[in-house]
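Undergrad: Encoded as structure tokens, here's the structure I'll be asking about.
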Amino acid sequence: MGALAVSRIIILPAGLQNQIAAGEVVERPSSVVKELLENSLDAGAQSIHVHLEEGGLALVEVVDDGYGMQYQDMTLAVHRHATSKIASMQDLAAVQSFGFRGEALPSIASVSRLRLSSRPKGQDEGNFLEILYGNHLDHGPEAMNPGTRVRVQNLLANLPARLKFLKTRGTEGKRCSEIFIRLALTNLEVDLELFSDGRNLYRFFRDETLRDRLSRVWPEQICRDLRDVELDQGDFRVHGLTSMPENAQARGERMLFYVNNRAVRDKILISALKQAYKGRLLSREYPQAVIFLDLPPAEVDVNVHPAKSEVRFRNEKHIFSLVSRAVARSLEQNHFAVPDKPPEDKGLDMDPEINLDTTYRTGPREARPEMPVFQEDFRHEIAPDYGDSSPRKMPAPVHVPGPGLSYLGQIENSYLVFMKDTGRMLVIDQHGAHERIVFEDLKQENRKVQTRLLAIPVHVALHQAERSLLEEIWSKLGGLGFVLELQDEKTLLVKGLPDFMSSGQGLEALRSMLQDKVRDMDNILIALACKSAVKSNRPLTRDEALGLAHQLMQCKEMNFCPHGRPICMDLGSRELERLFKRR
């Protein structure tokens with residue numbers, strides 16, 4: 001095969017440069033909506049109207065009442081790297097405008113029919129400039145209101161290969177709407193309106209609150225239960241709104257982040273948000289949040305992506321910690337807390353023997369009474385097991401002061417029902433509550449392990465993958481009281497189990513770990529807690545129920561089980577009216 005010919009280096013024609021840039025900046029109609037909206041916002045617009053036809057492929061028109069441009073500035077604006085936003089390296093390091101590259105208009109003009117019209121404030125008339133696929137068509141005066149109007153027609157019509165990669169008109173229109181909404185959520189002082197094929201889709205009025213605008217685009221249930229996020233630390237501030245864990249959804253499209261009011265996609269911020277919800281959500285569940293991060297411009301690089309949708313932080317660990325702490329604080333709640341002032345008598349006559357002492361107030365963990373109801377301390381002892389019954393008996397009834405709760409009973413032997421002295425009802429999932437108690441007991445650094453030897457070792461069949469996994473967690477299981485022996489390549493011999501588990505519970509937990517491919521200690525402890533916790537459909541005496549509630553109150557996290565399911569439901573008239581469709 002002959003040698004490759006050496007090509008001569010040339011400067012690409014301006015039209016080809018713009019089309020290459022368009023490939024990075026103008027992916028689809030929503031890219032055009034984003035760029036034009038950001039230009040309008042940078043121009044100080046107080047009112048912006050967006051019109052779409054056929055999902056933005058036939059037309060994207062953005063009309064604003066911003067500063068407007070002189071004709072000579074309009075002719076420069078359609079050339080690459082022409083911008084009014086920055087003029088020096090120092091400006092780039094401290095840029096606070098949305099746009100600054102000077103690529104949007106020339107890139108759009110190279111793949112569409114673009115008509116740019118503008119009238120500066122104080123002038124009697126404006127001017128227009130028309131370009132077809134990068135070529136100048138026409139220009140002249142135009143009667144219009146002060147501001148700027150940009151019409152983009154037949155987007156990507158000169159690049160049919162690119163058109164094939166776009167979705168349906170409906171899908172492209174939805175993406176345009178999403179971009180419009182994202183910018184509306186961070187520019188509350190601007191009046192914004194979106195039309196699609198002549199139909200009004202969204203109208204956001206000037207000086208609305210974030211909650212007002214979210215209420216038009218998110219479900220009512222989510223907006224009603226949103227929590228405020230607020231954390232200031234010097235020059236850094238995290239603020240916004242986030243949903244309660246029980247309102248989680250199966251997709252993550254409602255996790256919205258803004259850095260210095262710029263909408264961004266960032267893995268650090270997503271990880272920080274997930275960390276704040278850790279232990280409060282099931283796997284494959286996502287929260288809904290709108291999080292704003294304000295920080296000095298020097299602490300973030302916004303010039304790392306052509307569409308300016310990604311950023312790079314100077315100190316990623318600090319940003320992660322800041323966002324995670326801010327959101328976690330907003331999610332904290334104590335269903336057992338007692339109001340400082342006693343409420344008015346609700347007229348409910350409760351059995352005084354069932355009422356708990358209302359003088360109890362939740363305080364530091366160390367100050368709360370020990371309540372060994374379902375679990376005892378671990379000890380360095382070995383005891384034989386001659387049966388498969390539960391190794392623990394229920395303790396004798398214990399009466400302990402409580403936080404103004406009255407125990408009403410069980411629902412279907414699974415849920416504990418309490419009446420608060422506020423008149424509200426508290427429902428506790430007994431299995432989830434005990435899971436949380438056992439899990440936190442197991443995580444105590446000073447715990448002592450007790451092993452219970454089995455009278456007859458149990459044989460467990462292993463696949464090769466299970467054997468490899470078992471070898472990875474072997475030492476961790478040994479530290480938790482398991483006595484295991486590999487009899488051969490395919491057989492595991494279980495000789496001893498943690499003292500707090502019956503043989504059936506211990507073997508079930510072991511099988512669960514192997515089936516779920518558990519490797520880290522937290523998930524091992526979750527499996528042990530789940531299999532050893534009191535099950536649903538099990539009757540509890542009143543004292544057992546009260547003891548379980550008190551043990552739960554001593555946990556660091558009392559609202560969610562280790563899997564992320566809710567433990568407590570606090571119900572009042574508002575929640576009940578919703579269930580009975582009175583709201």
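By convention in this document, the chains of the structure tokens carry letters A, B, ... by their order, each chain's residues are numbered from 1, and ligands are numbered from 1 in the order they are shown.
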Counting only C-alpha atoms, which residues of segment 152-193 of chain A sit at most 12 Å from some atom of segment 240-263 of chain A, and what is each one's closest atom pair with its distance in Å to one decimal, listed by chain and rising residue number, as a tab-separated table?
TA:
residue	atom	partner	partner_atom	distance
A:Arg175	CA	A:Glu253	CA	11.7
A:Glu178	CA	A:Glu253	CA	10.0
A:Ile179	CA	A:Ala263	CA	9.2
A:Phe180	CA	A:Ala263	CA	11.1
A:Ile181	CA	A:Ala263	CA	10.7
A:Arg182	CA	A:Ala263	CA	7.0
A:Leu183	CA	A:Ala263	CA	7.2
A:Ala184	CA	A:Ala263	CA	10.5
A:Leu185	CA	A:Asn261	CA	9.4
A:Thr186	CA	A:Asn261	CA	5.9
A:Asn187	CA	A:Asn261	CA	8.0
A:Leu188	CA	A:Asn261	CA	10.9
Undergrad: Produce a file of the selected residues containing C-alpha atoms, as a short mmCIF file (atom, residue, chain, number, x, y, z; two decimals), in the first residue's frame.
TA:
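Once written, out14.cif looks like this:
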data_model
loop_
_atom_site.label_atom_id
_atom_site.label_comp_id
_atom_site.auth_asym_id
_atom_site.auth_seq_id
_atom_site.Cartn_x
_atom_site.Cartn_y
_atom_site.Cartn_z
CA ARG A 175 -37.16 19.83 24.81
CA GLU A 178 -37.82 22.28 29.13
CA ILE A 179 -35.11 24.79 28.23
CA PHE A 180 -37.63 27.63 28.46
CA ILE A 181 -38.75 26.46 31.92
CA ARG A 182 -35.20 26.04 33.21
CA LEU A 183 -34.37 29.62 32.34
CA ALA A 184 -37.70 30.85 33.72
CA LEU A 185 -36.91 29.31 37.12
CA THR A 186 -33.79 31.41 37.58
CA ASN A 187 -35.00 34.71 36.12
CA LEU A 188 -37.96 35.50 38.32
#
Undergrad: If we count only C-alpha atoms and set the cut-off at 12 Å, which residues sit around Leu293 of chain A, ignoring sequence neighbours fewer than 2 positions away in its own chain? Please answer as a PyMOL selection string.
TA: chain A and resi 186+229-233+235-240+256-264+266+269+290-291+295-297+299-300+313+319-320+322-324+326-327
Undergrad: If you measure from atom CA of Ile268 of chain A to atom CA of Val217 of chain A, what distance in Å do you get, rounded to one decimal?
TA: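 Atom CA of Ile268 of chain A sits 25.7 Å away from atom CA of Val217 of chain A.
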Undergrad: Calculated over only C-alpha atoms, which of the candidates A:Asp124, A:Asp64, A:Glu285, A:Glu316 has the smallest distance to Asp191 of chain A?
TA: A:Asp64
Undergrad: Which is closer to Val311 of chain A than all the others in A:His335, A:Arg265, A:Arg213, A:Arg578, using only C-alpha atoms?
TA: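 Comparing A:His335, A:Arg265, A:Arg213, A:Arg578 against Val311 of chain A, the winner is A:Arg265.
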Undergrad: Using only C-alpha atoms, which residue out of A:Arg28, A:Val33, A:Leu426, A:His136 lies closest to Asn334 of chain A?
TA: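 Using only C-alpha atoms, Asn334 of chain A sits closest to A:Leu426.
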Undergrad: Taking 2 positions as the minimum chain separation for residues in the same chain, which residues sit within 10 Å of Pro566 of chain A when counting only C-alpha atoms? Answer as a ChimeraX atom specification.
TA: /A:245-246,279-282,428-429,432-433,558-564,568-569
Undergrad: Please run DSSP on the backbone and report, as a ChimeraX atom specification, all residues within segment 77-259 of chain A that come out as strand (DSSP E or B).
TA: /A:113-119,126-132,135-142,147-153,191-196,199-204,227-233,236-242,249,255-259
Undergrad: Which residues are near Asp138 of chain A? Cut-off 9 Å, only C-alpha atoms, ignore same chain within fewer than 6 positions. Put them as a list in words.
TA: Phe128, Leu129, Glu130 and Ile131 of chain A
Undergrad: Keeping C-alpha atoms for every residue in the selection just given, could you write it to a file as a PDB file, in the first residue's frame?
TA:
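Written output follows (again_17.pdb):
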ATOM      1  CA  PHE A 128     -33.116  44.090  10.040  1.00  0.00           C
ATOM      2  CA  LEU A 129     -30.484  41.763   8.681  1.00  0.00           C
ATOM      3  CA  GLU A 130     -31.372  38.551   6.828  1.00  0.00           C
ATOM      4  CA  ILE A 131     -28.988  35.631   6.270  1.00  0.00           C
TER       5      ILE A 131
END
Undergrad: Which distance in Å separates atom CA of Val458 of chain A and atom CA of Lys495 of chain A, to one decimal?
TA: 6.8 Å
Undergrad: Please provide the set of residues having any atom within 10 Å of Leu552 of chain A, restricted to only C-alpha atoms, with same-chain residues fewer than 3 positions apart removed, written as a VMD selection string.
TA: chain A and resid 336 371 428 430 432 to 438 440 546 to 549 555 to 559 567
Undergrad: Grab the residues selected above and save them as an mmCIF file, in the first residue's frame with C-alpha atoms.
TA:
data_model
loop_
_atom_site.group_PDB
_atom_site.id
_atom_site.type_symbol
_atom_site.label_atom_id
_atom_site.label_comp_id
_atom_site.auth_asym_id
_atom_site.auth_seq_id
_atom_site.Cartn_x
_atom_site.Cartn_y
_atom_site.Cartn_z
ATOM 1 C CA PHE A 336 -41.737 12.741 67.953
ATOM 2 C CA MET A 371 -34.785 0.473 76.007
ATOM 3 C CA ILE A 428 -45.099 3.588 62.529
ATOM 4 C CA GLN A 430 -42.960 -1.865 62.976
ATOM 5 C CA GLY A 432 -39.000 -0.685 59.251
ATOM 6 C CA ALA A 433 -38.612 0.782 62.729
ATOM 7 C CA HIS A 434 -36.933 -2.333 64.098
ATOM 8 C CA GLU A 435 -34.722 -2.556 60.997
ATOM 9 C CA ARG A 436 -33.443 0.954 61.736
ATOM 10 C CA ILE A 437 -32.850 0.126 65.430
ATOM 11 C CA VAL A 438 -30.901 -3.066 64.674
ATOM 12 C CA GLU A 440 -27.756 1.472 64.083
ATOM 13 C CA LEU A 546 -44.064 1.581 73.288
ATOM 14 C CA GLY A 547 -40.568 0.191 73.735
ATOM 15 C CA LEU A 548 -40.071 -0.025 69.979
ATOM 16 C CA ALA A 549 -41.136 3.597 69.579
ATOM 17 C CA CYS A 555 -31.736 6.492 66.485
ATOM 18 C CA LYS A 556 -29.814 9.113 64.546
ATOM 19 C CA GLU A 557 -32.160 8.624 61.589
ATOM 20 C CA MET A 558 -35.663 7.822 62.790
ATOM 21 C CA ASN A 559 -37.679 8.563 59.666
ATOM 22 C CA ILE A 567 -40.874 4.512 58.880
#
Undergrad: Residues near Lys420 of chain A, anyone? I mean within 7 Å using only C-alpha atoms, not counting same-chain ones fewer than 6 positions away, as a PyMOL selection string.
TA: chain A and resi 404-406+426
Undergrad: Name the residues in contact with Val111 of chain A at a cut-off of 8 Å, using only C-alpha atoms, excluding same-chain residues fewer than 3 positions from it; report them as number ranges by chain.
TA: A: 19, 22, 107-108, 132-134, 155-159
Undergrad: Out of A:Gly504, A:Gly147, A:Gly496, A:Pro13, which residue has the shortest atom-to-atom distance to Val62 of chain A when counting only C-alpha atoms?
TA: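 Closest to Val62 of chain A of all the choices is A:Gly147.
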Undergrad: Nearest residue to Ser112 of chain A out of A:Pro29, A:Glu35, A:Phe205, A:Ile48, using only C-alpha atoms?
TA: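 Nearest candidate to Ser112 of chain A out of A:Pro29, A:Glu35, A:Phe205, A:Ile48: A:Pro29.
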Undergrad: How far is it from atom CA of Pro539 of chain A to atom CA of Asn413 of chain A, in Å with one decimal?
TA: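 According to the coordinates, atom CA of Pro539 of chain A and atom CA of Asn413 of chain A are separated by 4.9 Å.
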Undergrad: Taking the DSSP assignment computed from this structure's backbone, write out as number ranges by chain all residues of segment 439-563 of chain A that belong to helix (DSSP H, G or I).
TA: A: 439-443, 464-479, 503-515, 521-532, 542-553
Undergrad: Pick out the closest residue to Pro106 of chain A from this set: A:Leu528, A:Ser215, A:Asn135, A:Val50. Count only C-alpha atoms.
TA: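 For Pro106 of chain A, the nearest of the given residues is A:Asn135.
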